[in-house]
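Have a look at final12.cif; it's mmCIF, C-alpha atoms:
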```cif
data_query
#
loop_
_atom_site.label_atom_id
_atom_site.label_comp_id
_atom_site.auth_asym_id
_atom_site.auth_seq_id
_atom_site.Cartn_x
_atom_site.Cartn_y
_atom_site.Cartn_z
CA MET A 1 15.36 -10.48 8.52
CA ALA A 2 16.97 -7.77 10.61
CA ALA A 3 16.78 -8.24 14.38
CA SER A 4 15.34 -4.74 14.82
CA ARG A 5 12.12 -5.66 12.99
CA ASP A 6 9.12 -6.54 15.09
CA ILE A 7 6.53 -7.67 12.55
CA LYS A 8 3.15 -6.95 14.12
CA ASN A 9 1.35 -5.33 11.18
CA LEU A 10 0.99 -5.82 7.45
CA ALA A 11 1.27 -2.98 4.92
CA LEU A 12 -0.05 -3.27 1.37
CA VAL A 13 1.68 -1.06 -1.17
CA GLY A 14 1.45 -0.74 -4.93
CA PHE A 15 -0.02 1.38 -7.67
CA MET A 16 -3.60 2.62 -7.66
CA GLY A 17 -6.10 0.07 -8.85
CA VAL A 18 -4.18 -3.08 -7.89
CA GLY A 19 -6.65 -4.00 -5.13
CA LYS A 20 -4.93 -2.90 -1.92
CA SER A 21 -8.17 -1.88 -0.20
CA THR A 22 -10.13 -4.93 -1.34
CA VAL A 23 -7.39 -7.40 -0.41
CA GLY A 24 -6.67 -5.48 2.79
CA ARG A 25 -10.24 -5.82 4.04
CA ILE A 26 -10.14 -9.57 3.36
CA LEU A 27 -6.81 -9.86 5.19
CA ALA A 28 -8.19 -7.94 8.17
CA GLU A 29 -11.11 -10.34 8.34
CA GLN A 30 -8.93 -13.45 8.02
CA LEU A 31 -6.26 -12.33 10.50
CA ARG A 32 -8.73 -10.56 12.82
CA PHE A 33 -6.73 -7.34 12.47
CA ASP A 34 -7.99 -3.78 12.21
CA PHE A 35 -8.03 -2.28 8.71
CA LEU A 36 -6.73 1.20 7.90
CA ASP A 37 -6.78 2.76 4.42
CA THR A 38 -4.38 5.71 4.51
CA ASP A 39 -6.26 7.70 1.85
CA GLU A 40 -9.58 7.20 3.66
CA ARG A 41 -8.05 8.25 6.99
CA ILE A 42 -6.52 11.39 5.46
CA GLU A 43 -9.82 12.26 3.77
CA ARG A 44 -11.71 11.86 7.03
CA GLU A 45 -9.23 13.97 8.99
CA ALA A 46 -8.98 16.67 6.28
CA GLY A 47 -12.71 16.82 5.64
CA ARG A 48 -12.15 16.60 1.88
CA ASN A 49 -11.24 13.92 -0.63
CA VAL A 50 -7.78 13.30 -2.07
CA ARG A 51 -8.68 15.00 -5.34
CA GLN A 52 -9.74 18.16 -3.46
CA ILE A 53 -6.58 18.12 -1.34
CA PHE A 54 -4.45 17.91 -4.50
CA ALA A 55 -6.46 20.68 -6.21
CA GLU A 56 -6.55 23.05 -3.25
CA HIS A 57 -3.16 22.45 -1.63
CA GLY A 58 -1.03 20.43 -4.07
CA GLU A 59 0.68 17.06 -3.88
CA PRO A 60 3.38 18.14 -1.35
CA VAL A 61 0.73 18.94 1.28
CA PHE A 62 -0.95 15.58 0.70
CA ARG A 63 2.42 13.76 0.97
CA GLY A 64 3.06 15.57 4.27
CA MET A 65 -0.28 14.32 5.57
CA GLU A 66 0.71 10.79 4.55
CA ARG A 67 4.06 11.17 6.31
CA ARG A 68 2.47 12.24 9.61
CA LEU A 69 -0.02 9.36 9.41
CA VAL A 70 2.70 6.77 8.79
CA GLN A 71 4.70 8.07 11.76
CA SER A 72 1.63 7.67 13.98
CA LEU A 73 1.23 3.98 13.10
CA ALA A 74 4.45 2.72 14.70
CA GLU A 75 2.79 1.93 18.03
CA ARG A 76 -0.20 0.12 16.54
CA ASN A 77 -0.54 -3.68 16.62
CA HIS A 78 -2.58 -6.10 14.52
CA LEU A 79 -3.19 -3.64 11.73
CA ILE A 80 -3.63 -4.06 7.98
CA ILE A 81 -2.46 -0.83 6.34
CA SER A 82 -3.62 -0.15 2.80
CA THR A 83 -1.42 2.66 1.52
CA GLY A 84 -1.93 5.22 -1.21
CA GLY A 85 -0.04 4.37 -4.40
CA GLY A 86 2.74 6.92 -3.87
CA LEU A 87 3.15 6.66 -0.10
CA ILE A 88 5.96 4.10 -0.21
CA VAL A 89 8.07 6.19 -2.60
CA ASP A 90 9.10 8.37 0.37
CA PRO A 91 12.10 6.50 1.84
CA GLU A 92 11.16 7.64 5.35
CA ASN A 93 7.68 6.13 4.99
CA PHE A 94 9.21 2.88 3.78
CA ALA A 95 11.70 2.77 6.65
CA ASP A 96 9.04 3.55 9.25
CA LEU A 97 6.63 0.89 7.95
CA ARG A 98 9.41 -1.68 7.67
CA GLN A 99 10.12 -1.40 11.42
CA HIS A 100 6.73 -2.86 12.38
CA ALA A 101 5.09 -4.27 9.26
CA MET A 102 5.67 -6.86 6.61
CA ILE A 103 5.45 -4.87 3.38
CA VAL A 104 3.60 -6.54 0.51
CA CYS A 105 3.53 -4.97 -2.93
CA LEU A 106 0.59 -5.83 -5.16
CA TRP A 107 1.63 -5.61 -8.80
CA ALA A 108 -0.18 -5.45 -12.17
CA THR A 109 0.66 -4.42 -15.72
CA PRO A 110 -0.04 -0.84 -16.82
CA GLU A 111 -2.78 -2.13 -19.11
CA THR A 112 -4.55 -3.97 -16.30
CA ILE A 113 -4.32 -0.93 -14.05
CA TYR A 114 -5.71 1.28 -16.80
CA GLU A 115 -8.67 -1.05 -17.32
CA ARG A 116 -9.40 -0.98 -13.60
CA VAL A 117 -9.18 2.80 -13.10
CA ARG A 118 -10.12 4.29 -16.47
CA TYR A 119 -13.63 5.34 -15.39
CA GLN A 120 -12.64 6.59 -11.93
CA SER A 121 -12.67 10.38 -11.86
CA HIS A 122 -11.26 10.57 -8.31
CA ARG A 123 -7.69 9.75 -9.45
CA PRO A 124 -6.03 13.20 -9.61
CA LEU A 125 -2.71 11.97 -11.00
CA LEU A 126 -4.47 10.43 -14.02
CA GLN A 127 -6.35 13.53 -15.15
CA THR A 128 -4.27 13.78 -18.34
CA PRO A 129 -4.99 13.33 -22.07
CA ASP A 130 -3.19 9.94 -22.06
CA PRO A 131 -3.75 8.18 -18.70
CA LEU A 132 -2.17 4.90 -19.87
CA ALA A 133 1.07 6.70 -20.74
CA ARG A 134 0.93 8.42 -17.34
CA ILE A 135 0.46 5.04 -15.61
CA ARG A 136 3.49 3.63 -17.45
CA GLU A 137 5.57 6.67 -16.52
CA MET A 138 4.55 6.60 -12.84
CA LEU A 139 5.08 2.84 -12.55
CA ALA A 140 8.57 3.21 -13.98
CA GLN A 141 9.32 5.98 -11.46
CA ARG A 142 7.99 3.95 -8.53
CA GLU A 143 9.18 0.47 -9.50
CA SER A 144 12.42 0.54 -7.49
CA ALA A 145 10.49 1.56 -4.35
CA TYR A 146 7.84 -1.12 -4.91
CA ARG A 147 10.51 -3.80 -5.45
CA GLN A 148 11.93 -3.18 -1.97
CA ALA A 149 8.83 -4.77 -0.43
CA ASP A 150 9.26 -7.99 1.52
CA VAL A 151 6.86 -9.77 -0.82
CA LEU A 152 5.73 -8.98 -4.37
CA VAL A 153 2.39 -10.44 -5.45
CA GLY A 154 1.04 -10.38 -8.99
CA VAL A 155 -2.69 -9.70 -8.90
CA GLU A 156 -3.63 -10.64 -12.44
CA HIS A 157 -5.57 -13.88 -12.96
CA ARG A 158 -6.15 -14.28 -9.20
CA SER A 159 -9.16 -13.45 -7.08
CA ALA A 160 -8.81 -11.09 -4.14
CA ARG A 161 -9.37 -14.06 -1.79
CA GLU A 162 -6.57 -16.07 -3.46
CA ILE A 163 -4.23 -13.10 -3.14
CA ALA A 164 -5.17 -12.65 0.52
CA GLN A 165 -4.60 -16.34 1.28
CA HIS A 166 -1.15 -16.19 -0.32
CA ILE A 167 -0.29 -13.11 1.77
CA VAL A 168 -1.53 -14.74 5.00
CA HIS A 169 0.80 -17.68 4.35
CA GLN A 170 3.76 -15.33 3.73
CA PHE A 171 2.89 -13.22 6.80
CA ASN A 172 2.70 -16.23 9.11
CA ALA A 173 5.99 -17.57 7.76
CA MET A 174 7.75 -14.25 8.29
CA ARG A 175 6.49 -13.87 11.84
CA LYS A 176 7.68 -17.31 13.00
CA PRO A 177 10.88 -17.07 15.02
CA ALA A 178 13.95 -18.57 13.41
CA ALA A 179 15.07 -21.91 14.87
CA GLU A 180 17.81 -21.68 17.46
CA PRO A 181 21.17 -23.07 16.25
CA ALA A 182 22.14 -26.43 17.75
#
```
Rewrite the structure from the file as structure tokens, please.
Amino acid sequence: MAASRDIKNLALVGFMGVGKSTVGRILAEQLRFDFLDTDERIEREAGRNVRQIFAEHGEPVFRGMERRLVQSLAERNHLIISTGGGLIVDPENFADLRQHAMIVCLWATPETIYERVRYQSHRPLLQTPDPLARIREMLAQRESAYRQADVLVGVEHRSAREIAQHIVHQFNAMRKPAAEPA
């Protein structure tokens, strides 16, 4: 771990539908941290939902809103950050989060993601004739960014509580200072 990192927060990244918000709320409860969902915060501040922001202003405007939010989190402590699925693809967002947060990527197969989100109409990037193909395409585009996380956690065949417990263990291990050499 680089000396410049001061791990005081935990950021959950990964594709839509992998459980970032659900696991994040459990983590916040277990660690007694505050919980922040970046999409929810942007929606509250913009006065419209993500789908409306995309429709009215386009993806670049939404990504700019994400960028400003991520920059504002650097001074926060004891925070669980549940990010939007594409937030971490911006290298500046990744670098900023990495300075103060352990980054955990929740991962699932395209088929599992599709089953979880197929009836959710609020997913603007999946409003296509073949959402499963779109999920596969987007996962392939984002995979290298997701794999840069400190920890990758498969979410299939595990409950949200099991996933959270695994992450708590990893978080506590990463925050412990290294032993001084003899």
Carefully work through the PyMOL selection byres ((chain A and resi 149) around 10) for this structure and note down the residues it includes, as number ranges by chain.
A: 11-14, 88, 94, 98, 102-106, 144-148, 150-153
Interatomic distance (Å, one decimal) between atom CA of A:Leu79 and atom CA of A:Ala28
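Atom CA of A:Leu79 sits 7.5 Å away from atom CA of A:Ala28.
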Here's the selection I'm unsure about, the PyMOL selection byres ((chain A and resi 76) around 12); applied to the file above, which residues does it give, as a PyMOL selection string?
chain A and resi 6-10+33-36+69-75+77-81+97+99-101
So how many Å separate atom CA of A:Gln165 and atom CA of A:Arg5, to one decimal?
23.0 Å
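Between atom CA of A:Leu31 and atom CA of A:Trp107 lies a distance of 21.9 Å.
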Written as a list in words, which residues does the PyMOL selection byres ((chain A and resi 38-54) around 10) give for the file shown?
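What the PyMOL selection byres ((chain A and resi 38-54) around 10) grabs from the file is Ser21, Phe35, Leu36, Asp37, Ala55, Glu56, His57, Gly58, Glu59, Pro60, Val61, Phe62, Arg63, Met65, Glu66, Arg68, Leu69, Val70, Ile81, Ser82, Thr83, Gly84, Gly85, Leu87, Ser121, His122, Arg123, Pro124 and Leu125 of chain A.
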Generate the output file for the selected residues, C-alpha atoms, as a PDB file, keeping the file's coordinate frame.
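Printed below is part_26.pdb as written:
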```
ATOM      1  CA  SER A  21      -8.170  -1.880  -0.200  1.00  0.00           C
ATOM      2  CA  PHE A  35      -8.030  -2.280   8.710  1.00  0.00           C
ATOM      3  CA  LEU A  36      -6.730   1.200   7.900  1.00  0.00           C
ATOM      4  CA  ASP A  37      -6.780   2.760   4.420  1.00  0.00           C
ATOM      5  CA  ALA A  55      -6.460  20.680  -6.210  1.00  0.00           C
ATOM      6  CA  GLU A  56      -6.550  23.050  -3.250  1.00  0.00           C
ATOM      7  CA  HIS A  57      -3.160  22.450  -1.630  1.00  0.00           C
ATOM      8  CA  GLY A  58      -1.030  20.430  -4.070  1.00  0.00           C
ATOM      9  CA  GLU A  59       0.680  17.060  -3.880  1.00  0.00           C
ATOM     10  CA  PRO A  60       3.380  18.140  -1.350  1.00  0.00           C
ATOM     11  CA  VAL A  61       0.730  18.940   1.280  1.00  0.00           C
ATOM     12  CA  PHE A  62      -0.950  15.580   0.700  1.00  0.00           C
ATOM     13  CA  ARG A  63       2.420  13.760   0.970  1.00  0.00           C
ATOM     14  CA  MET A  65      -0.280  14.320   5.570  1.00  0.00           C
ATOM     15  CA  GLU A  66       0.710  10.790   4.550  1.00  0.00           C
ATOM     16  CA  ARG A  68       2.470  12.240   9.610  1.00  0.00           C
ATOM     17  CA  LEU A  69      -0.020   9.360   9.410  1.00  0.00           C
ATOM     18  CA  VAL A  70       2.700   6.770   8.790  1.00  0.00           C
ATOM     19  CA  ILE A  81      -2.460  -0.830   6.340  1.00  0.00           C
ATOM     20  CA  SER A  82      -3.620  -0.150   2.800  1.00  0.00           C
ATOM     21  CA  THR A  83      -1.420   2.660   1.520  1.00  0.00           C
ATOM     22  CA  GLY A  84      -1.930   5.220  -1.210  1.00  0.00           C
ATOM     23  CA  GLY A  85      -0.040   4.370  -4.400  1.00  0.00           C
ATOM     24  CA  LEU A  87       3.150   6.660  -0.100  1.00  0.00           C
ATOM     25  CA  SER A 121     -12.670  10.380 -11.860  1.00  0.00           C
ATOM     26  CA  HIS A 122     -11.260  10.570  -8.310  1.00  0.00           C
ATOM     27  CA  ARG A 123      -7.690   9.750  -9.450  1.00  0.00           C
ATOM     28  CA  PRO A 124      -6.030  13.200  -9.610  1.00  0.00           C
ATOM     29  CA  LEU A 125      -2.710  11.970 -11.000  1.00  0.00           C
TER      30      LEU A 125
END
```
Show which residues sit within 12 Å of A:Arg136, as a compact mmCIF listing (two decimals) with C-alpha atoms, in the frame of the given file. Count only C-alpha atoms, and ignore same-chain residues fewer than 2 positions away.
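Result file follows (out-v6.txt):
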```txt
# COMPACT_ATOMS: atom_id res chain seq x y z
CA PHE A 15 -0.02 1.38 -7.67
CA ALA A 108 -0.18 -5.45 -12.17
CA THR A 109 0.66 -4.42 -15.72
CA PRO A 110 -0.04 -0.84 -16.82
CA GLU A 111 -2.78 -2.13 -19.11
CA THR A 112 -4.55 -3.97 -16.30
CA ILE A 113 -4.32 -0.93 -14.05
CA TYR A 114 -5.71 1.28 -16.80
CA LEU A 126 -4.47 10.43 -14.02
CA ASP A 130 -3.19 9.94 -22.06
CA PRO A 131 -3.75 8.18 -18.70
CA LEU A 132 -2.17 4.90 -19.87
CA ALA A 133 1.07 6.70 -20.74
CA ARG A 134 0.93 8.42 -17.34
CA MET A 138 4.55 6.60 -12.84
CA LEU A 139 5.08 2.84 -12.55
CA ALA A 140 8.57 3.21 -13.98
CA GLN A 141 9.32 5.98 -11.46
CA ARG A 142 7.99 3.95 -8.53
CA GLU A 143 9.18 0.47 -9.50
```
Using only C-alpha atoms, which residue out of A:Met174, A:Ala95, A:Ile26, A:Val18 lies closest to A:Glu162?
A:Ile26
